[in-house]
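Data from input01.txt: compact mmCIF, C-alpha atoms
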```txt
# COMPACT_ATOMS: atom_id res chain seq x y z
CA MET A 6 -61.32 56.34 43.34
CA ASN A 7 -61.98 56.00 47.07
CA SER A 8 -63.74 59.16 48.23
CA LYS A 9 -64.49 58.06 51.77
CA HIS A 10 -62.33 60.94 52.96
CA PRO A 11 -62.64 63.88 50.53
CA VAL A 12 -59.06 65.13 50.77
CA SER A 13 -57.57 68.16 49.03
CA ILE A 14 -54.27 69.94 48.60
CA MET A 15 -54.03 73.71 48.86
CA THR A 16 -50.94 75.54 47.62
CA VAL A 17 -49.76 78.95 46.43
CA PHE A 18 -47.38 78.66 43.48
CA LEU A 19 -45.26 80.66 41.04
CA PRO A 20 -46.00 79.44 37.49
CA ARG A 21 -42.61 80.39 36.02
CA GLU A 22 -40.98 77.97 38.44
CA GLU A 23 -43.57 75.22 38.74
CA ILE A 24 -44.80 74.83 35.17
CA PHE A 25 -42.01 72.31 34.47
CA PHE A 26 -43.25 69.97 37.21
CA ILE A 27 -46.93 70.59 37.83
CA GLU A 28 -48.31 67.77 35.66
CA GLU A 29 -46.17 65.11 37.36
CA TRP A 30 -47.01 66.54 40.80
CA LEU A 31 -50.75 66.40 40.07
CA ARG A 32 -50.64 62.91 38.54
CA TYR A 33 -48.67 61.50 41.45
CA HIS A 34 -51.01 62.86 44.09
CA ILE A 35 -54.06 61.70 42.15
CA ALA A 36 -52.46 58.24 41.98
CA ILE A 37 -52.22 58.04 45.77
CA GLY A 38 -55.79 59.21 46.27
CA PHE A 39 -56.03 63.00 46.60
CA ASN A 40 -59.41 64.14 45.29
CA HIS A 41 -58.90 67.83 44.55
CA PHE A 42 -56.28 70.58 44.25
CA TYR A 43 -56.80 74.27 45.01
CA LEU A 44 -54.01 75.98 43.09
CA TYR A 45 -53.46 79.62 44.00
CA ASN A 46 -51.72 81.03 40.92
CA ASN A 47 -49.40 83.87 41.97
CA MET A 48 -48.36 84.92 38.46
CA GLY A 49 -46.48 88.23 38.41
CA SER A 50 -45.60 88.22 42.11
CA ASN A 51 -42.82 90.50 43.36
CA TRP A 52 -42.29 88.19 46.32
CA ILE A 53 -38.75 88.49 47.68
CA ASP A 54 -37.26 85.80 49.91
CA CYS A 55 -33.62 85.57 50.98
CA GLY A 56 -32.84 88.57 48.76
CA ASN A 57 -33.79 86.79 45.56
CA ASN A 58 -36.60 87.31 43.08
CA LEU A 59 -37.09 87.74 39.35
CA GLU A 60 -36.89 91.54 39.29
CA VAL A 61 -33.98 91.90 41.71
CA THR A 62 -31.59 89.07 40.82
CA GLY A 63 -33.34 86.82 38.30
CA LYS A 64 -33.08 84.02 40.87
CA ASN A 65 -35.54 82.13 43.01
CA LYS A 66 -35.31 81.94 46.80
CA ARG A 67 -32.73 79.14 46.57
CA SER A 68 -30.41 81.29 44.48
CA GLN A 69 -31.17 79.34 41.30
CA SER A 70 -31.24 81.31 38.04
CA ILE A 71 -34.30 79.51 36.77
CA TYR A 72 -36.37 82.42 35.51
CA LYS A 73 -34.14 82.75 32.45
CA LEU A 74 -35.68 79.48 31.24
CA LEU A 75 -38.88 81.30 30.29
CA SER A 76 -37.52 84.83 29.89
CA HIS A 77 -38.51 84.75 26.20
CA LYS A 78 -42.19 84.42 27.16
CA THR A 79 -44.57 86.98 28.59
CA ASP A 80 -46.68 86.21 31.63
CA SER A 81 -49.68 85.81 29.30
CA GLU A 82 -47.82 83.23 27.22
CA VAL A 83 -46.72 81.30 30.30
CA GLN A 84 -50.31 81.37 31.53
CA GLN A 85 -51.53 79.99 28.21
CA ASP A 86 -49.06 77.11 28.52
CA LEU A 87 -50.17 76.47 32.09
CA ASP A 88 -53.86 76.53 31.13
CA HIS A 89 -53.12 73.94 28.45
CA ILE A 90 -51.54 71.64 31.06
CA LEU A 91 -54.33 72.15 33.58
CA LYS A 92 -57.27 71.93 31.17
CA PRO A 93 -57.77 68.12 31.34
CA PHE A 94 -57.34 68.10 35.13
CA ILE A 95 -59.97 70.84 35.46
CA ALA A 96 -62.29 69.00 33.06
CA LYS A 97 -62.02 65.85 35.19
CA GLY A 98 -62.89 67.85 38.31
CA TYR A 99 -59.48 67.56 39.97
CA VAL A 100 -58.30 71.18 39.88
CA THR A 101 -59.60 74.59 40.88
CA GLN A 102 -57.23 77.33 39.71
CA ILE A 103 -57.49 80.59 41.63
CA MET A 104 -55.75 83.63 40.17
CA TRP A 105 -54.09 84.94 43.33
CA GLN A 106 -52.72 88.43 42.72
CA PRO A 107 -53.15 90.53 45.88
CA ARG A 108 -51.46 93.95 45.87
CA ASP A 109 -49.10 95.57 48.36
CA ARG A 110 -48.99 99.27 49.27
CA LYS A 111 -47.13 100.02 46.04
CA TYR A 112 -49.83 98.16 44.11
CA GLN A 113 -47.41 95.40 43.16
CA ILE A 114 -48.56 91.80 43.10
CA THR A 115 -47.36 90.08 46.24
CA TYR A 116 -47.35 86.49 47.55
CA ASP A 117 -49.46 86.91 50.72
CA GLN A 118 -49.74 83.25 51.63
CA HIS A 119 -51.47 84.34 54.85
CA ARG A 120 -54.52 85.73 53.04
CA ALA A 121 -54.55 82.82 50.58
CA PHE A 122 -54.88 80.46 53.55
CA MET A 123 -57.85 82.44 54.89
CA ASP A 124 -59.41 82.65 51.44
CA TYR A 125 -59.21 78.88 51.08
CA ILE A 126 -60.89 78.20 54.43
CA GLN A 127 -63.67 80.69 53.77
CA ARG A 128 -64.42 79.79 50.13
CA TYR A 129 -63.47 76.15 49.75
CA GLY A 130 -62.88 74.58 53.16
CA GLN A 131 -66.36 73.06 53.34
CA ASN A 132 -65.62 70.98 50.22
CA SER A 133 -62.99 68.75 51.84
CA GLU A 134 -62.91 66.62 54.95
CA TRP A 135 -59.11 66.83 55.09
CA THR A 136 -56.71 69.43 53.66
CA CYS A 137 -52.98 69.18 53.05
CA PHE A 138 -51.03 72.46 52.96
CA THR A 139 -47.90 71.92 50.91
CA ASP A 140 -45.73 73.19 48.04
CA MET A 141 -45.12 71.78 44.57
CA ASP A 142 -41.58 70.64 45.35
CA GLU A 143 -43.06 68.35 48.02
CA PHE A 144 -44.53 64.90 47.34
CA ILE A 145 -46.69 63.38 50.08
CA PHE A 146 -45.56 59.79 50.69
CA PRO A 147 -47.81 57.23 52.47
CA VAL A 148 -44.90 55.08 53.59
CA ALA A 149 -46.75 51.94 54.65
CA SER A 150 -50.01 52.33 52.70
CA ASP A 151 -51.25 52.22 49.13
CA THR A 152 -53.36 55.40 49.32
CA ILE A 153 -53.82 58.50 51.39
CA HIS A 154 -57.25 57.14 52.37
CA ASP A 155 -55.63 54.12 54.02
CA VAL A 156 -53.54 56.51 56.12
CA LEU A 157 -56.59 58.56 57.10
CA ASP A 158 -58.45 55.39 58.13
CA ARG A 159 -55.63 54.59 60.55
CA VAL A 160 -55.42 58.16 61.82
CA GLU A 161 -59.15 58.46 62.40
CA ASP A 162 -59.18 55.13 64.24
CA LYS A 163 -56.82 56.81 66.70
CA GLY A 164 -59.16 59.82 66.98
CA CYS A 165 -56.58 62.15 65.44
CA THR A 166 -57.42 65.25 63.41
CA TYR A 167 -53.99 66.76 62.67
CA ILE A 168 -51.09 64.92 61.03
CA ASN A 169 -47.65 66.49 61.32
CA LEU A 170 -45.71 65.61 58.17
CA PRO A 171 -41.95 65.34 58.65
CA GLN A 172 -39.75 65.54 55.59
CA LYS A 173 -37.06 63.57 53.86
CA CYS A 174 -34.71 65.92 52.02
CA PHE A 175 -33.86 65.17 48.38
CA ASP A 176 -31.72 66.73 45.67
CA SER A 177 -33.11 69.71 43.76
CA ARG A 178 -35.57 69.51 40.84
CA PHE A 179 -33.11 71.69 38.90
CA ASP A 180 -29.69 70.32 37.95
CA ASP A 181 -26.35 72.10 38.26
CA GLU A 182 -26.99 73.85 34.96
CA THR A 183 -30.34 75.12 36.27
CA GLN A 184 -32.26 72.86 33.90
CA PRO A 185 -35.41 71.11 35.14
CA VAL A 186 -35.12 67.40 35.87
CA SER A 187 -37.45 65.43 33.60
CA GLN A 188 -39.04 63.34 36.36
CA VAL A 189 -38.92 64.40 39.99
CA MET A 190 -39.87 60.91 41.19
CA SER A 191 -36.60 59.61 39.72
CA ILE A 192 -34.50 61.80 42.02
CA PHE A 193 -33.09 59.38 44.58
CA LYS A 194 -30.21 61.32 46.19
CA CYS A 195 -31.26 62.31 49.70
CA ASN A 196 -30.41 62.82 53.33
CA SER A 197 -30.29 59.62 55.39
CA TRP A 198 -32.94 60.56 57.96
CA VAL A 199 -36.47 61.94 58.20
CA THR A 200 -36.86 65.15 60.17
CA SER A 201 -39.44 67.54 61.57
CA GLU A 202 -36.65 69.72 62.91
CA PHE A 203 -37.41 72.21 60.15
CA GLY A 204 -39.96 72.71 57.38
CA LYS A 205 -42.62 70.21 58.46
CA LYS A 206 -46.04 70.41 56.80
CA SER A 207 -49.48 69.13 57.77
CA LEU A 208 -52.62 67.25 56.79
CA VAL A 209 -55.51 68.61 58.80
CA LYS A 210 -59.16 67.85 59.43
CA THR A 211 -60.61 70.89 57.68
CA SER A 212 -63.37 71.50 60.22
CA THR A 213 -60.75 72.15 62.89
CA LEU A 214 -58.94 74.93 60.98
CA LYS A 215 -59.00 78.35 62.59
CA ILE A 216 -58.73 81.59 60.63
CA PRO A 217 -55.90 83.65 62.19
CA PHE A 218 -56.48 87.32 62.90
CA TRP A 219 -52.85 88.42 62.80
CA LYS A 220 -50.02 87.40 60.51
CA HIS A 221 -47.74 86.46 63.37
CA LYS A 222 -50.29 83.82 64.40
CA TYR A 223 -50.15 82.12 61.02
CA ASN A 224 -47.51 79.63 59.93
CA ILE A 225 -47.83 77.43 56.84
CA HIS A 226 -45.72 74.82 58.67
CA GLN A 227 -48.31 74.59 61.44
CA PRO A 228 -51.70 76.00 60.42
CA PRO A 229 -53.74 77.23 63.39
CA VAL A 230 -56.58 75.03 64.61
CA PHE A 231 -59.18 74.97 67.35
CA GLN A 232 -57.19 73.14 70.01
CA LYS A 233 -60.24 71.61 71.73
CA LYS A 234 -61.15 69.88 68.45
CA THR A 235 -57.61 68.75 67.71
CA LYS A 236 -55.56 65.65 68.45
CA PHE A 237 -52.09 65.59 66.87
CA ILE A 238 -50.16 62.66 65.46
CA GLU A 239 -46.72 62.32 63.85
CA ASP A 240 -45.36 58.99 62.63
CA HIS A 241 -42.73 59.03 59.90
CA THR A 242 -43.12 55.27 59.43
CA MET A 243 -46.71 55.92 58.33
CA ILE A 244 -46.55 59.14 56.32
CA ARG A 245 -44.05 61.87 55.42
CA PHE A 246 -43.25 64.08 52.46
CA ASN A 247 -40.26 63.99 50.12
CA HIS A 248 -38.83 67.46 49.54
CA TYR A 249 -36.98 68.07 46.26
CA LYS A 250 -35.14 71.37 46.72
CA PHE A 251 -31.73 70.79 48.28
CA ASN A 252 -29.07 72.35 46.06
CA GLU A 253 -25.67 73.50 47.32
CA TRP A 254 -27.03 76.86 48.47
CA GLU A 255 -29.83 75.26 50.50
CA ILE A 256 -27.53 72.62 52.02
CA SER A 257 -25.07 75.29 53.10
CA TRP A 258 -27.85 77.35 54.69
CA ILE A 259 -29.08 74.34 56.69
CA GLN A 260 -25.57 73.43 57.82
CA GLN A 261 -24.97 76.98 59.05
CA ASN A 262 -28.36 77.54 60.66
CA ILE A 263 -29.94 74.23 61.64
CA HIS A 264 -27.85 71.06 61.45
CA ALA A 265 -24.10 71.07 60.83
CA ASP A 266 -24.07 67.38 59.81
CA PHE A 267 -26.69 67.73 57.08
CA GLN A 268 -25.64 66.03 53.80
CA LEU A 269 -27.26 64.34 50.83
CA ASP A 270 -25.35 61.13 51.43
CA ASP A 271 -27.97 58.45 50.81
CA LYS A 272 -30.34 57.12 48.13
CA ASP A 273 -34.05 56.35 48.48
CA GLN A 274 -36.17 54.79 45.70
CA GLU A 275 -39.15 53.87 47.89
CA MET A 276 -41.60 56.22 46.22
CA MET A 277 -41.10 54.51 42.85
CA ARG A 278 -43.42 51.73 44.03
CA PHE A 279 -46.19 54.12 42.98
CA ASN A 280 -44.80 54.46 39.46
CA ASP A 281 -47.30 52.07 37.87
CA GLN A 282 -50.21 53.89 39.51
CA PHE A 283 -48.72 57.22 38.45
CA THR A 284 -48.31 56.24 34.81
CA SER A 285 -51.80 54.72 34.64
CA VAL A 286 -53.65 57.86 35.81
CA GLU A 287 -56.01 58.76 32.98
CA ILE A 288 -56.43 62.46 32.28
```

Write the structure described by the file as structure tokens, please.
Amino acid sequence: MNSKHPVSIMTVFLPREEIFFIEEWLRYHIAIGFNHFYLYNNMGSNWIDCGNNLEVTGKNKRSQSIYKLLSHKTDSEVQQDLDHILKPFIAKGYVTQIMWQPRDRKYQITYDQHRAFMDYIQRYGQNSEWTCFTDMDEFIFPVASDTIHDVLDRVEDKGCTYINLPQKCFDSRFDDETQPVSQVMSIFKCNSWVTSEFGKKSLVKTSTLKIPFWKHKYNIHQPPVFQKKTKFIEDHTMIRFNHYKFNEWEISWIQQNIHADFQLDDKDQEMMRFNDQFTSVEI
């Protein structure tokens, strides 16, 4: 594997939602050249977003009743299943799993992505030349290249240190019956355009990252950096991410709050050109 640019992904995740997809997500990103994954495991979180969470409604933040899928298992049992999936990736040196269970004032486990971001920079940032901050329903797509390293070669030739990643919006990883789709890469239904109008992510030269002092200065969609060290680039013909979350609830929210014309009215199979690389990853 090309390690000219040691490049990592950092993410905070909820195992009861992501365990259905994590192996495919890891294999795909290994196939395109990512070297390491820092997985902040937020098992047991009481995180509430848009009025939904396991304890309150049994739904995730997109109003999907997915937690019933593993309601017969305890957190310890789900963790055992997750450890089984991650074990070969950890053995090969691809994954660092961090049990991320910070407590709020009521001593309940909370999400606290802000502190996870700071923890990553302080404890692991020196291990990677570049870091991508993303979620597990997002697949980084080097549109015109074979690997992420090819993209970084082009970016560094331009003297850039911060890549804004626009998104292409795809159908949800859960079907209408709230069952997980067997292969996320085979979801082709999507919006017809790429956008950074909302939800963009980033791939950043790690040495330029700045630890924020206040929560209002931190945004996962645009991590803070030392501006004097930073040159930005955004080119959706070079790199973007495919976002697999857009069920009816999410589409309605976007139409009402961001873009009235938003629809999943197109199909895109471009990412399947990596299918042979994906299936040949040896773990």

Gap from CA of Gln227 (chain A) to CA of Val12 (chain A) - Å, one decimal: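 Computing it gives 17.9 Å between the two atoms.
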
Residues at most 10 Å from Arg120 (chain A), counting all atoms listed in the file, excluding those fewer than 6 positions away in the same chain, as a compact mmCIF listing (two decimals) with C-alpha atoms, in the coordinates of the input?
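After the write, selection_18.txt holds the following:
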```txt
# COMPACT_ATOMS: atom_id res chain seq x y z
CA TRP A 105 -54.09 84.94 43.33
CA PRO A 107 -53.15 90.53 45.88
CA ILE A 126 -60.89 78.20 54.43
CA ILE A 216 -58.73 81.59 60.63
CA PRO A 217 -55.90 83.65 62.19
CA LYS A 220 -50.02 87.40 60.51
CA TYR A 223 -50.15 82.12 61.02
```

Would you pick out the contacts of His248 (chain A) at 6 Å or less, using only C-alpha atoms, so that residues sharing its chain but fewer than 4 positions from it are not included, and give the list as a PyMOL selection string? chain A and resi 142-143+174-175

Considering all atoms listed in the file, can you say which of A:Leu170, A:Tyr99, A:Gln260, A:Arg108 comes closest to Arg32 (chain A)?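 Of the candidates, the smallest distance to Arg32 (chain A) is held by A:Tyr99.
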
Which residue, A:Gln268, A:Thr16, A:Gln102, A:Thr235, has the smallest gap to Glu161 (chain A) when you use all atoms listed in the file? A:Thr235

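Using only C-alpha atoms, the residues found no farther than 10 Å from Leu44 (chain A), other than those of its own chain fewer than 5 positions away, are Ile14, Met15, Thr16, Val17, Phe18, Val100, Thr101, Gln102, Ile103, Met104, Trp105, Tyr125 and Met141 of chain A.
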